[in-house]
Every structure is written in C-alpha cells, then in structure tokens.
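The data block below is final-v8.cif; it holds mmCIF, C-alpha atoms.
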data_protein
#
loop_
_atom_site.group_PDB
_atom_site.id
_atom_site.type_symbol
_atom_site.label_atom_id
_atom_site.label_comp_id
_atom_site.auth_asym_id
_atom_site.auth_seq_id
_atom_site.Cartn_x
_atom_site.Cartn_y
_atom_site.Cartn_z
ATOM 1 C CA LEU A 1045 47.970 47.827 6.754
ATOM 2 C CA CYS A 1046 45.104 50.312 6.643
ATOM 3 C CA HIS A 1047 44.534 53.847 5.391
ATOM 4 C CA GLU A 1048 43.715 56.584 7.904
ATOM 5 C CA ASP A 1049 40.017 56.132 7.143
ATOM 6 C CA GLY A 1050 40.241 52.436 8.106
ATOM 7 C CA ARG A 1051 40.183 50.940 4.618
ATOM 8 C CA PRO A 1052 42.626 47.996 4.196
ATOM 9 C CA GLN A 1053 45.633 48.511 1.953
ATOM 10 C CA GLY A 1054 48.236 46.277 0.394
ATOM 11 C CA GLN A 1055 48.864 42.989 2.240
ATOM 12 C CA GLY A 1056 45.957 43.702 4.621
ATOM 13 C CA ARG A 1057 43.513 43.735 1.753
ATOM 14 C CA ILE A 1058 44.960 40.496 0.359
ATOM 15 C CA LEU A 1059 44.808 38.841 3.785
ATOM 16 C CA MET A 1060 41.156 39.784 4.316
ATOM 17 C CA THR A 1061 40.255 38.561 0.830
ATOM 18 C CA ALA A 1062 41.946 35.218 1.510
ATOM 19 C CA VAL A 1063 40.075 34.846 4.785
ATOM 20 C CA HIS A 1064 36.793 35.625 3.014
ATOM 21 C CA ILE A 1065 37.495 33.065 0.287
ATOM 22 C CA SER A 1066 38.454 30.460 2.878
ATOM 23 C CA ARG A 1067 35.213 31.015 4.774
ATOM 24 C CA CYS A 1068 33.197 30.762 1.562
ATOM 25 C CA CYS A 1069 34.912 27.491 0.649
ATOM 26 C CA LEU A 1070 34.232 26.070 4.091
ATOM 27 C CA ILE A 1071 30.559 27.045 3.935
ATOM 28 C CA SER A 1072 30.324 25.615 0.420
ATOM 29 C CA ARG A 1073 31.836 22.282 1.533
ATOM 30 C CA ILE A 1074 29.428 22.073 4.476
ATOM 31 C CA PHE A 1075 26.467 22.896 2.231
ATOM 32 C CA TRP A 1076 27.301 20.244 -0.354
ATOM 33 C CA ARG A 1077 27.998 17.607 2.293
ATOM 34 C CA PHE A 1078 24.577 18.384 3.757
ATOM 35 C CA CYS A 1079 22.973 18.048 0.326
ATOM 36 C CA ALA A 1080 24.778 14.769 -0.319
ATOM 37 C CA PHE A 1081 23.604 13.454 3.067
ATOM 38 C CA LYS A 1082 20.000 14.414 2.325
ATOM 39 C CA ILE A 1083 20.129 12.883 -1.161
ATOM 40 C CA THR A 1084 21.674 9.665 0.167
ATOM 41 C CA ASN A 1085 19.026 9.373 2.869
ATOM 42 C CA ARG A 1086 16.244 10.133 0.414
ATOM 43 C CA ASN A 1087 17.517 7.532 -2.069
ATOM 44 C CA ALA A 1088 17.860 4.983 0.722
ATOM 45 C CA LYS A 1089 14.291 5.688 1.850
ATOM 46 C CA MET A 1090 13.013 5.428 -1.722
ATOM 47 C CA ALA A 1091 14.826 2.119 -2.148
ATOM 48 C CA GLU A 1092 13.385 0.876 1.142
ATOM 49 C CA ASP A 1093 9.886 1.995 0.125
ATOM 50 C CA LYS A 1094 10.189 -0.065 -3.072
ATOM 51 C CA LYS A 1095 11.073 -3.210 -1.116
ATOM 52 C CA LYS A 1096 7.783 -4.853 -0.322
ATOM 53 C CA VAL A 1097 6.182 -8.128 0.617
ATOM 54 C CA LEU A 1098 3.848 -9.482 -2.061
ATOM 55 C CA ALA A 1099 0.820 -11.235 -0.563
ATOM 56 C CA VAL A 1100 -0.884 -13.451 -3.147
ATOM 57 C CA PHE A 1101 -4.322 -14.921 -2.455
ATOM 58 C CA ASP A 1102 -6.586 -17.401 -4.125
ATOM 59 C CA PHE A 1103 -10.238 -16.445 -3.631
ATOM 60 C CA ASP A 1104 -12.671 -19.378 -3.372
ATOM 61 C CA HIS A 1105 -12.124 -21.403 -0.175
ATOM 62 C CA THR A 1106 -9.285 -19.043 0.728
ATOM 63 C CA ILE A 1107 -10.526 -15.481 1.176
ATOM 64 C CA ILE A 1108 -14.117 -16.715 1.194
ATOM 65 C CA ASN A 1109 -15.218 -19.959 2.812
ATOM 66 C CA ASP A 1110 -17.127 -21.289 -0.177
ATOM 67 C CA ASN A 1111 -17.007 -21.453 -3.961
ATOM 68 C CA SER A 1112 -18.478 -18.327 -5.555
ATOM 69 C CA ASP A 1113 -19.496 -20.203 -8.719
ATOM 70 C CA THR A 1114 -21.416 -22.924 -6.898
ATOM 71 C CA TRP A 1115 -22.839 -20.342 -4.478
ATOM 72 C CA VAL A 1116 -24.627 -18.478 -7.278
ATOM 73 C CA VAL A 1117 -26.280 -21.721 -8.453
ATOM 74 C CA LYS A 1118 -28.393 -21.611 -5.278
ATOM 75 C CA LEU A 1119 -30.442 -18.928 -7.070
ATOM 76 C CA ALA A 1120 -31.603 -21.506 -9.610
ATOM 77 C CA PRO A 1121 -35.052 -23.108 -9.289
ATOM 78 C CA GLY A 1122 -34.783 -25.760 -6.600
ATOM 79 C CA GLY A 1123 -31.461 -24.311 -5.443
ATOM 80 C CA GLN A 1124 -29.318 -26.411 -7.781
ATOM 81 C CA ALA A 1125 -28.411 -26.898 -11.417
ATOM 82 C CA PRO A 1126 -30.473 -29.517 -13.296
ATOM 83 C CA ASP A 1127 -28.726 -32.675 -14.501
ATOM 84 C CA TRP A 1128 -28.730 -31.630 -18.157
ATOM 85 C CA LEU A 1129 -26.887 -28.420 -17.241
ATOM 86 C CA ARG A 1130 -24.261 -30.195 -15.130
ATOM 87 C CA GLN A 1131 -23.633 -32.565 -18.026
ATOM 88 C CA THR A 1132 -22.475 -29.643 -20.198
ATOM 89 C CA TYR A 1133 -19.275 -29.428 -18.141
ATOM 90 C CA ARG A 1134 -16.080 -30.545 -19.885
ATOM 91 C CA ASN A 1135 -13.022 -31.353 -17.803
ATOM 92 C CA GLY A 1136 -10.731 -28.318 -17.687
ATOM 93 C CA TYR A 1137 -13.382 -25.982 -19.161
ATOM 94 C CA TRP A 1138 -15.057 -24.666 -16.028
ATOM 95 C CA THR A 1139 -15.430 -21.116 -17.408
ATOM 96 C CA GLU A 1140 -17.351 -22.463 -20.376
ATOM 97 C CA TYR A 1141 -19.650 -24.318 -17.980
ATOM 98 C CA MET A 1142 -20.280 -21.164 -15.921
ATOM 99 C CA GLU A 1143 -21.291 -19.329 -19.077
ATOM 100 C CA ASN A 1144 -24.007 -21.976 -19.483
ATOM 101 C CA VAL A 1145 -25.021 -21.545 -15.829
ATOM 102 C CA PHE A 1146 -25.393 -17.785 -16.226
ATOM 103 C CA ARG A 1147 -27.577 -18.228 -19.304
ATOM 104 C CA TYR A 1148 -29.752 -20.657 -17.356
ATOM 105 C CA LEU A 1149 -30.132 -18.199 -14.470
ATOM 106 C CA HIS A 1150 -30.995 -15.445 -16.938
ATOM 107 C CA ASP A 1151 -33.620 -17.657 -18.579
ATOM 108 C CA ASN A 1152 -35.123 -18.079 -15.111
ATOM 109 C CA ARG A 1153 -35.294 -14.306 -14.665
ATOM 110 C CA ILE A 1154 -32.522 -13.894 -12.122
ATOM 111 C CA MET A 1155 -31.688 -10.183 -12.364
ATOM 112 C CA PRO A 1156 -28.273 -8.577 -11.784
ATOM 113 C CA GLU A 1157 -29.337 -7.013 -8.463
ATOM 114 C CA ASP A 1158 -30.574 -10.423 -7.258
ATOM 115 C CA MET A 1159 -27.263 -12.001 -8.129
ATOM 116 C CA LEU A 1160 -25.067 -9.228 -6.693
ATOM 117 C CA ASN A 1161 -27.011 -9.000 -3.446
ATOM 118 C CA PHE A 1162 -26.836 -12.760 -3.024
ATOM 119 C CA MET A 1163 -23.099 -12.866 -3.732
ATOM 120 C CA GLY A 1164 -22.611 -10.255 -1.017
ATOM 121 C CA THR A 1165 -23.899 -12.747 1.547
ATOM 122 C CA ILE A 1166 -21.220 -15.376 0.931
ATOM 123 C CA PRO A 1167 -19.227 -16.060 4.120
ATOM 124 C CA TYR A 1168 -15.591 -15.074 4.500
ATOM 125 C CA THR A 1169 -13.103 -17.578 5.837
ATOM 126 C CA ASP A 1170 -12.568 -17.110 9.570
ATOM 127 C CA LYS A 1171 -10.377 -14.046 10.301
ATOM 128 C CA MET A 1172 -9.523 -13.517 6.632
ATOM 129 C CA GLN A 1173 -11.113 -10.067 6.656
ATOM 130 C CA ASP A 1174 -8.749 -9.203 9.512
ATOM 131 C CA VAL A 1175 -5.844 -10.308 7.328
ATOM 132 C CA LEU A 1176 -6.898 -8.041 4.474
ATOM 133 C CA LYS A 1177 -7.523 -5.105 6.817
ATOM 134 C CA PHE A 1178 -4.022 -5.563 8.244
ATOM 135 C CA ILE A 1179 -2.558 -5.503 4.734
ATOM 136 C CA GLY A 1180 -4.581 -2.391 3.864
ATOM 137 C CA LYS A 1181 -3.376 -0.644 7.029
ATOM 138 C CA HIS A 1182 0.269 -1.390 6.165
ATOM 139 C CA GLY A 1183 0.134 -0.592 2.474
ATOM 140 C CA THR A 1184 3.659 0.840 2.404
ATOM 141 C CA LYS A 1185 5.048 -2.599 3.277
ATOM 142 C CA PHE A 1186 2.595 -4.970 1.605
ATOM 143 C CA GLU A 1187 1.158 -5.321 -1.848
ATOM 144 C CA CYS A 1188 -1.800 -7.648 -2.261
ATOM 145 C CA ILE A 1189 -3.069 -9.398 -5.372
ATOM 146 C CA VAL A 1190 -5.793 -11.974 -5.968
ATOM 147 C CA ILE A 1191 -5.337 -14.684 -8.603
ATOM 148 C CA SER A 1192 -8.544 -16.653 -8.983
ATOM 149 C CA ASP A 1193 -10.543 -18.780 -11.400
ATOM 150 C CA SER A 1194 -13.737 -16.971 -10.334
ATOM 151 C CA ASN A 1195 -14.661 -13.774 -12.193
ATOM 152 C CA THR A 1196 -14.365 -9.999 -11.870
ATOM 153 C CA VAL A 1197 -18.033 -9.344 -11.035
ATOM 154 C CA PHE A 1198 -18.117 -11.826 -8.161
ATOM 155 C CA ILE A 1199 -14.762 -10.924 -6.614
ATOM 156 C CA GLU A 1200 -15.265 -7.165 -6.780
ATOM 157 C CA THR A 1201 -18.784 -7.473 -5.348
ATOM 158 C CA ILE A 1202 -17.732 -9.738 -2.467
ATOM 159 C CA LEU A 1203 -14.655 -7.699 -1.520
ATOM 160 C CA LYS A 1204 -16.713 -4.519 -1.480
ATOM 161 C CA ALA A 1205 -19.484 -6.141 0.581
ATOM 162 C CA GLY A 1206 -16.846 -7.274 3.085
ATOM 163 C CA GLY A 1207 -15.310 -3.809 3.343
ATOM 164 C CA VAL A 1208 -11.855 -5.010 2.254
ATOM 165 C CA ASP A 1209 -11.708 -4.026 -1.418
ATOM 166 C CA HIS A 1210 -9.241 -1.224 -0.581
ATOM 167 C CA ALA A 1211 -6.651 -3.780 0.570
ATOM 168 C CA VAL A 1212 -6.337 -5.508 -2.816
ATOM 169 C CA ASN A 1213 -4.053 -3.824 -5.348
ATOM 170 C CA ASN A 1214 -4.825 -6.038 -8.338
ATOM 171 C CA ILE A 1215 -7.254 -8.813 -9.260
ATOM 172 C CA PHE A 1216 -6.396 -11.404 -11.908
ATOM 173 C CA THR A 1217 -9.444 -13.445 -12.819
ATOM 174 C CA ASN A 1218 -11.821 -14.237 -15.653
ATOM 175 C CA PRO A 1219 -13.445 -11.055 -17.015
ATOM 176 C CA ALA A 1220 -17.226 -10.878 -16.637
ATOM 177 C CA HIS A 1221 -19.969 -8.390 -17.489
ATOM 178 C CA PHE A 1222 -23.740 -8.035 -17.739
ATOM 179 C CA ASP A 1223 -25.061 -7.486 -21.252
ATOM 180 C CA LYS A 1224 -28.005 -5.275 -22.231
ATOM 181 C CA SER A 1225 -30.465 -8.067 -21.509
ATOM 182 C CA ASN A 1226 -29.014 -8.396 -17.948
ATOM 183 C CA CYS A 1227 -27.359 -11.741 -18.630
ATOM 184 C CA LEU A 1228 -23.951 -12.272 -17.022
ATOM 185 C CA HIS A 1229 -21.151 -13.432 -19.337
ATOM 186 C CA VAL A 1230 -17.682 -14.678 -18.453
ATOM 187 C CA LYS A 1231 -14.625 -15.188 -20.656
ATOM 188 C CA PRO A 1232 -11.364 -17.091 -20.094
ATOM 189 C CA TYR A 1233 -8.619 -14.966 -18.548
ATOM 190 C CA HIS A 1234 -5.925 -15.864 -21.096
ATOM 191 C CA LYS A 1235 -4.364 -18.555 -23.240
ATOM 192 C CA HIS A 1236 -1.224 -20.322 -22.061
ATOM 193 C CA ALA A 1237 1.042 -23.259 -22.802
ATOM 194 C CA CYS A 1238 1.142 -24.818 -19.319
ATOM 195 C CA LYS A 1239 0.151 -28.492 -19.351
ATOM 196 C CA SER A 1240 -0.639 -28.568 -15.611
ATOM 197 C CA CYS A 1241 -3.322 -25.880 -15.450
ATOM 198 C CA PRO A 1242 -6.909 -25.381 -16.664
ATOM 199 C CA VAL A 1243 -7.147 -24.117 -20.235
ATOM 200 C CA ASN A 1244 -8.293 -20.644 -19.170
ATOM 201 C CA MET A 1245 -5.723 -19.812 -16.482
ATOM 202 C CA CYS A 1246 -2.169 -20.579 -15.394
ATOM 203 C CA LYS A 1247 -1.519 -18.868 -12.070
ATOM 204 C CA LYS A 1248 2.239 -19.335 -12.409
ATOM 205 C CA THR A 1249 2.270 -17.373 -15.657
ATOM 206 C CA ILE A 1250 0.214 -14.569 -14.106
ATOM 207 C CA LEU A 1251 2.425 -14.359 -11.008
ATOM 208 C CA LEU A 1252 5.731 -14.343 -12.896
ATOM 209 C CA GLU A 1253 4.501 -11.758 -15.392
ATOM 210 C CA TYR A 1254 3.305 -9.517 -12.566
ATOM 211 C CA ILE A 1255 6.588 -9.733 -10.655
ATOM 212 C CA GLY A 1256 8.508 -9.044 -13.870
ATOM 213 C CA THR A 1257 6.402 -6.012 -14.718
ATOM 214 C CA LYS A 1258 6.831 -4.563 -11.227
ATOM 215 C CA ALA A 1259 10.602 -5.138 -11.411
ATOM 216 C CA GLN A 1260 10.711 -2.932 -14.516
ATOM 217 C CA ASP A 1261 9.185 -0.195 -12.352
ATOM 218 C CA GLY A 1262 11.909 -0.698 -9.744
ATOM 219 C CA VAL A 1263 9.769 -2.658 -7.284
ATOM 220 C CA VAL A 1264 11.529 -5.757 -5.954
ATOM 221 C CA TYR A 1265 9.741 -7.992 -3.468
ATOM 222 C CA ASP A 1266 11.750 -9.159 -0.465
ATOM 223 C CA LYS A 1267 9.284 -11.992 0.038
ATOM 224 C CA VAL A 1268 6.240 -13.546 -1.583
ATOM 225 C CA VAL A 1269 3.578 -15.086 0.656
ATOM 226 C CA TYR A 1270 1.238 -17.280 -1.380
ATOM 227 C CA VAL A 1271 -2.047 -18.317 0.291
ATOM 228 C CA GLY A 1272 -4.270 -20.871 -1.416
ATOM 229 C CA ASP A 1273 -6.146 -24.139 -1.230
ATOM 230 C CA GLY A 1274 -6.712 -25.624 -4.687
ATOM 231 C CA GLY A 1275 -4.856 -27.855 -7.093
ATOM 232 C CA ASN A 1276 -4.236 -24.944 -9.466
ATOM 233 C CA ASP A 1277 -2.255 -23.197 -6.712
ATOM 234 C CA LEU A 1278 0.517 -25.800 -6.916
ATOM 235 C CA CYS A 1279 1.912 -24.539 -10.235
ATOM 236 C CA PRO A 1280 2.788 -21.031 -8.923
ATOM 237 C CA SER A 1281 3.945 -22.490 -5.597
ATOM 238 C CA LYS A 1282 6.702 -24.389 -7.403
ATOM 239 C CA GLU A 1283 8.131 -21.099 -8.695
ATOM 240 C CA LEU A 1284 8.595 -19.545 -5.267
ATOM 241 C CA SER A 1285 12.112 -19.071 -3.884
ATOM 242 C CA ALA A 1286 13.664 -20.185 -0.592
ATOM 243 C CA THR A 1287 12.870 -16.787 0.953
ATOM 244 C CA ASP A 1288 9.166 -17.099 0.108
ATOM 245 C CA VAL A 1289 6.291 -18.787 1.938
ATOM 246 C CA VAL A 1290 3.510 -20.947 0.528
ATOM 247 C CA MET A 1291 0.478 -21.393 2.782
ATOM 248 C CA PRO A 1292 -1.793 -24.317 1.816
ATOM 249 C CA ARG A 1293 -5.115 -24.664 3.592
ATOM 250 C CA LYS A 1294 -5.381 -27.780 5.740
ATOM 251 C CA GLY A 1295 -7.743 -30.432 4.386
ATOM 252 C CA TYR A 1296 -7.786 -29.115 0.805
ATOM 253 C CA ARG A 1297 -6.210 -30.198 -2.473
ATOM 254 C CA LEU A 1298 -3.107 -27.987 -2.444
ATOM 255 C CA ILE A 1299 -1.680 -29.389 0.779
ATOM 256 C CA LYS A 1300 -2.459 -32.942 -0.335
ATOM 257 C CA LYS A 1301 -0.539 -32.351 -3.569
ATOM 258 C CA ILE A 1302 2.376 -30.771 -1.705
ATOM 259 C CA GLU A 1303 2.583 -33.765 0.651
ATOM 260 C CA LYS A 1304 3.019 -36.056 -2.371
ATOM 261 C CA LEU A 1305 5.915 -34.036 -3.828
ATOM 262 C CA ALA A 1306 9.572 -34.901 -3.457
ATOM 263 C CA LYS A 1307 11.257 -32.844 -0.727
ATOM 264 C CA ASP A 1308 13.272 -30.741 -3.186
ATOM 265 C CA SER A 1309 10.269 -29.944 -5.420
ATOM 266 C CA LEU A 1310 9.403 -26.836 -3.403
ATOM 267 C CA ARG A 1311 11.973 -24.265 -2.345
ATOM 268 C CA ALA A 1312 9.547 -22.064 -0.407
ATOM 269 C CA LYS A 1313 8.783 -22.583 3.270
ATOM 270 C CA VAL A 1314 5.464 -24.427 3.709
ATOM 271 C CA VAL A 1315 3.164 -23.124 6.463
ATOM 272 C CA PRO A 1316 -0.285 -24.798 6.546
ATOM 273 C CA TRP A 1317 -3.282 -22.793 7.767
ATOM 274 C CA GLU A 1318 -6.811 -23.321 9.042
ATOM 275 C CA SER A 1319 -7.928 -19.721 9.522
ATOM 276 C CA GLY A 1320 -6.711 -16.206 8.919
ATOM 277 C CA ARG A 1321 -4.930 -16.279 12.288
ATOM 278 C CA GLU A 1322 -2.038 -18.307 10.876
ATOM 279 C CA VAL A 1323 -1.851 -16.105 7.789
ATOM 280 C CA LEU A 1324 -1.826 -12.949 9.889
ATOM 281 C CA ALA A 1325 0.941 -14.367 12.096
ATOM 282 C CA VAL A 1326 3.155 -14.999 9.047
ATOM 283 C CA LEU A 1327 2.540 -11.516 7.626
ATOM 284 C CA LYS A 1328 3.348 -9.858 10.946
ATOM 285 C CA GLU A 1329 6.737 -11.600 10.950
ATOM 286 C CA CYS A 1330 7.634 -10.268 7.494
#

Rendering of file as structure tokens:
Amino acid sequence: LCHEDGRPQGQGRILMTAVHISRCCLISRIFWRFCAFKITNRNAKMAEDKKKVLAVFDFDHTIINDNSDTWVVKLAPGGQAPDWLRQTYRNGYWTEYMENVFRYLHDNRIMPEDMLNFMGTIPYTDKMQDVLKFIGKHGTKFECIVISDSNTVFIETILKAGGVDHAVNNIFTNPAHFDKSNCLHVKPYHKHACKSCPVNMCKKTILLEYIGTKAQDGVVYDKVVYVGDGGNDLCPSKELSATDVVMPRKGYRLIKKIEKLAKDSLRAKVVPWESGREVLAVLKEC
C-alpha cells in the first residue's frame, strides 16, 4: 500500500484519509457538545441570577422607629408646630402640610445643615439596620426598594447616616430639594386614580409598575416580602400573591386593618413583626 519511500499509495492513501476525517469529526462533535454544555450552564446561571426576592419596605415606623416628618418639627421654636400651622392640614394632603412646615422652619432660620444633622439622629427600629446589611451582603439574591410618604432628602440622609444606603436599590417617595434661600420644598410623588390612598401616593401603583418594568428587563421575582406598618401599606398588600409575604408591624394600623379583612382578601402569607429579628428570619428562609 506504500511506495518504497514510505508514502501511501492507492487504497492506503484513501484509508488514511478516511481515518483522518473520522478523527476530525469526532473531535468536532466533542468540541460542539462542550460548547453546548457551557452555553446551557451559562444560560441557566443567568436565568438563576435574574430570579430574585424583592424586599419592599415602608420607612417611617418601619425602617426607622419614628416619623421623619414629625421628627423635624422638633426643630421649631418650643419643639412643636403652633396651632395655626397644624390647622393648615387637610385630610389626605399631608405633603401639602409639610410644605407649610418647611416654610415655617425656614422663617425661623433653621438651616439645611441643622435639619440634615438632626435627621441623622433619628433612631432606627430595633435590628432593622441588621436587616438592611444582610440584604446588602446578599445583593445577588435580594433587591430592596423603599416606598414611603416621607421625602427624598430625609430618607437619603437617614439611610446614609445609618450606613445602610448601599442596601437600597431604589427609593420611591415625594421629591424634595432645598432652594437658593435654603428652604426645603416637597412635591407629591404622583397622581393616581386609587380611591383608597392619599392623593399624593398609591403604593400599589408604584409596586406594580416597578415589578412590570423589571419584568421587561427579564427580572422575575420568586417572592415579594413587603414590610410595613401604616394604613397606606394595605393597598399594595392586597396585590401580593400566595407565594409572597406581607409583614405588618404589631400594634400599628396595617395589622389592625388586616385583622378586619375577610380571610380571602389577602393571598399573601401574613407574618407580624416587632423588630428586625422577625424580618431577618423570613429573609433568611427565602
């Protein structure tokens, strides 16, 4: 089958070529199977990375153990708002009232640094900083948002002062800013058609829009854990599914409203809480 110099001839050359082709085909099949395996694993990992738990928090009396709006009034002369100022409040128009409060504080020469430093002293709810630090440490699994009727200046200042601002992915609250004269102004977050919520904010609308927007980006939440205390936290709680958890704070309005509901009014599991310990326990089980 070979020439005298060792070169293959005739059928020998054909046989060697066939063997070479066979080997190449085998190597090619192995290579592409390896690539397909890697791609499948990568896609599975990407899909797993996009499955997250959405932790939703109210702010006043939830993350912090007080009301940020009433806390700032302590800077007023005498440590409280005068009667004429309190009488400017209209039911359902709290943001409008706070705009009046900020003008009053400005008229009494309360400067931005005074206000921000004072807001940084507001106490956190017991163990709630630990909850946020846990979320921040496990950012690949959790996404954290705050939906609050406070304002951007207060929430951002307090979270930063508490060293937990990194744990919060998004804040939905009334926009606020200091003008050139150093007066703080606040505006309603949005307009909505919900009959159950204050005129400036429907937390259900915010939550559903956020989940919908994230879904368009391919992010689907396996579970939503909603932590709150107030009456305006009931509206979004009613939209949660059977796989979700709503955590009302014991002794506050949300849990009292939930207790008055018919049994089938809420699909989500209800887990009451007193401190961040209970919240942390739920998140660790997710």

Explicit residues for the PyMOL selection byres ((chain A and resi 1318) around 9) (as a PyMOL selection string): chain A and resi 1170+1292-1295+1316-1317+1319-1323

Please expand the PyMOL selection byres ((chain A and resi 1098-1106) around 7) into the concrete residues it hits in this file, giving the result as a PyMOL selection string. chain A and resi 1096-1097+1107-1112+1169+1186-1192+1265+1267-1273

Taking into account only C-alpha atoms, which residue in the set A:Ile1202, A:Val1197, A:Leu1251, A:Ile1154 is nearest to Pro1219 (chain A)? A:Val1197

Return as a JSON list (two decimals) with C-alpha atoms, in the coordinates of the input the set of residues that the PyMOL selection byres ((chain A and resi 1140-1149) around 12) yields on the displayed structure.
[["chain", "number", "residue", "atom", "x", "y", "z"],
["A", 1112, "SER", "CA", -18.48, -18.33, -5.56],
["A", 1113, "ASP", "CA", -19.50, -20.20, -8.72],
["A", 1114, "THR", "CA", -21.42, -22.92, -6.90],
["A", 1115, "TRP", "CA", -22.84, -20.34, -4.48],
["A", 1116, "VAL", "CA", -24.63, -18.48, -7.28],
["A", 1117, "VAL", "CA", -26.28, -21.72, -8.45],
["A", 1118, "LYS", "CA", -28.39, -21.61, -5.28],
["A", 1119, "LEU", "CA", -30.44, -18.93, -7.07],
["A", 1120, "ALA", "CA", -31.60, -21.51, -9.61],
["A", 1121, "PRO", "CA", -35.05, -23.11, -9.29],
["A", 1122, "GLY", "CA", -34.78, -25.76, -6.60],
["A", 1123, "GLY", "CA", -31.46, -24.31, -5.44],
["A", 1124, "GLN", "CA", -29.32, -26.41, -7.78],
["A", 1125, "ALA", "CA", -28.41, -26.90, -11.42],
["A", 1126, "PRO", "CA", -30.47, -29.52, -13.30],
["A", 1127, "ASP", "CA", -28.73, -32.67, -14.50],
["A", 1128, "TRP", "CA", -28.73, -31.63, -18.16],
["A", 1129, "LEU", "CA", -26.89, -28.42, -17.24],
["A", 1130, "ARG", "CA", -24.26, -30.20, -15.13],
["A", 1131, "GLN", "CA", -23.63, -32.56, -18.03],
["A", 1132, "THR", "CA", -22.48, -29.64, -20.20],
["A", 1133, "TYR", "CA", -19.27, -29.43, -18.14],
["A", 1134, "ARG", "CA", -16.08, -30.54, -19.89],
["A", 1135, "ASN", "CA", -13.02, -31.35, -17.80],
["A", 1136, "GLY", "CA", -10.73, -28.32, -17.69],
["A", 1137, "TYR", "CA", -13.38, -25.98, -19.16],
["A", 1138, "TRP", "CA", -15.06, -24.67, -16.03],
["A", 1139, "THR", "CA", -15.43, -21.12, -17.41],
["A", 1150, "HIS", "CA", -31.00, -15.44, -16.94],
["A", 1151, "ASP", "CA", -33.62, -17.66, -18.58],
["A", 1152, "ASN", "CA", -35.12, -18.08, -15.11],
["A", 1153, "ARG", "CA", -35.29, -14.31, -14.66],
["A", 1154, "ILE", "CA", -32.52, -13.89, -12.12],
["A", 1155, "MET", "CA", -31.69, -10.18, -12.36],
["A", 1156, "PRO", "CA", -28.27, -8.58, -11.78],
["A", 1158, "ASP", "CA", -30.57, -10.42, -7.26],
["A", 1159, "MET", "CA", -27.26, -12.00, -8.13],
["A", 1193, "ASP", "CA", -10.54, -18.78, -11.40],
["A", 1194, "SER", "CA", -13.74, -16.97, -10.33],
["A", 1195, "ASN", "CA", -14.66, -13.77, -12.19],
["A", 1218, "ASN", "CA", -11.82, -14.24, -15.65],
["A", 1219, "PRO", "CA", -13.44, -11.06, -17.02],
["A", 1220, "ALA", "CA", -17.23, -10.88, -16.64],
["A", 1221, "HIS", "CA", -19.97, -8.39, -17.49],
["A", 1222, "PHE", "CA", -23.74, -8.04, -17.74],
["A", 1223, "ASP", "CA", -25.06, -7.49, -21.25],
["A", 1225, "SER", "CA", -30.46, -8.07, -21.51],
["A", 1226, "ASN", "CA", -29.01, -8.40, -17.95],
["A", 1227, "CYS", "CA", -27.36, -11.74, -18.63],
["A", 1228, "LEU", "CA", -23.95, -12.27, -17.02],
["A", 1229, "HIS", "CA", -21.15, -13.43, -19.34],
["A", 1230, "VAL", "CA", -17.68, -14.68, -18.45],
["A", 1231, "LYS", "CA", -14.62, -15.19, -20.66],
["A", 1232, "PRO", "CA", -11.36, -17.09, -20.09],
["A", 1233, "TYR", "CA", -8.62, -14.97, -18.55],
["A", 1242, "PRO", "CA", -6.91, -25.38, -16.66],
["A", 1243, "VAL", "CA", -7.15, -24.12, -20.24],
["A", 1244, "ASN", "CA", -8.29, -20.64, -19.17]]

Rounded to one decimal in Å, what is the spacing between CA of Leu1160 (chain A) and CA of Asp1209 (chain A)? 15.3 Å

So how far away is CA of Thr1249 (chain A) from CA of Ala1211 (chain A), in Å? 23.0 Å

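Taking CA of Asp1277 (chain A) and CA of Gly1207 (chain A) as the two end points, the separation is 25.4 Å.
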
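The point (-6.5, -27.7, -7.6) has these residues within 9 Å of it when all atoms listed in the file are used: A:Cys1241, A:Asp1273, A:Gly1274, A:Gly1275, A:Asn1276, A:Asp1277, A:Leu1278, A:Tyr1296, A:Arg1297, A:Leu1298, A:Lys1301.
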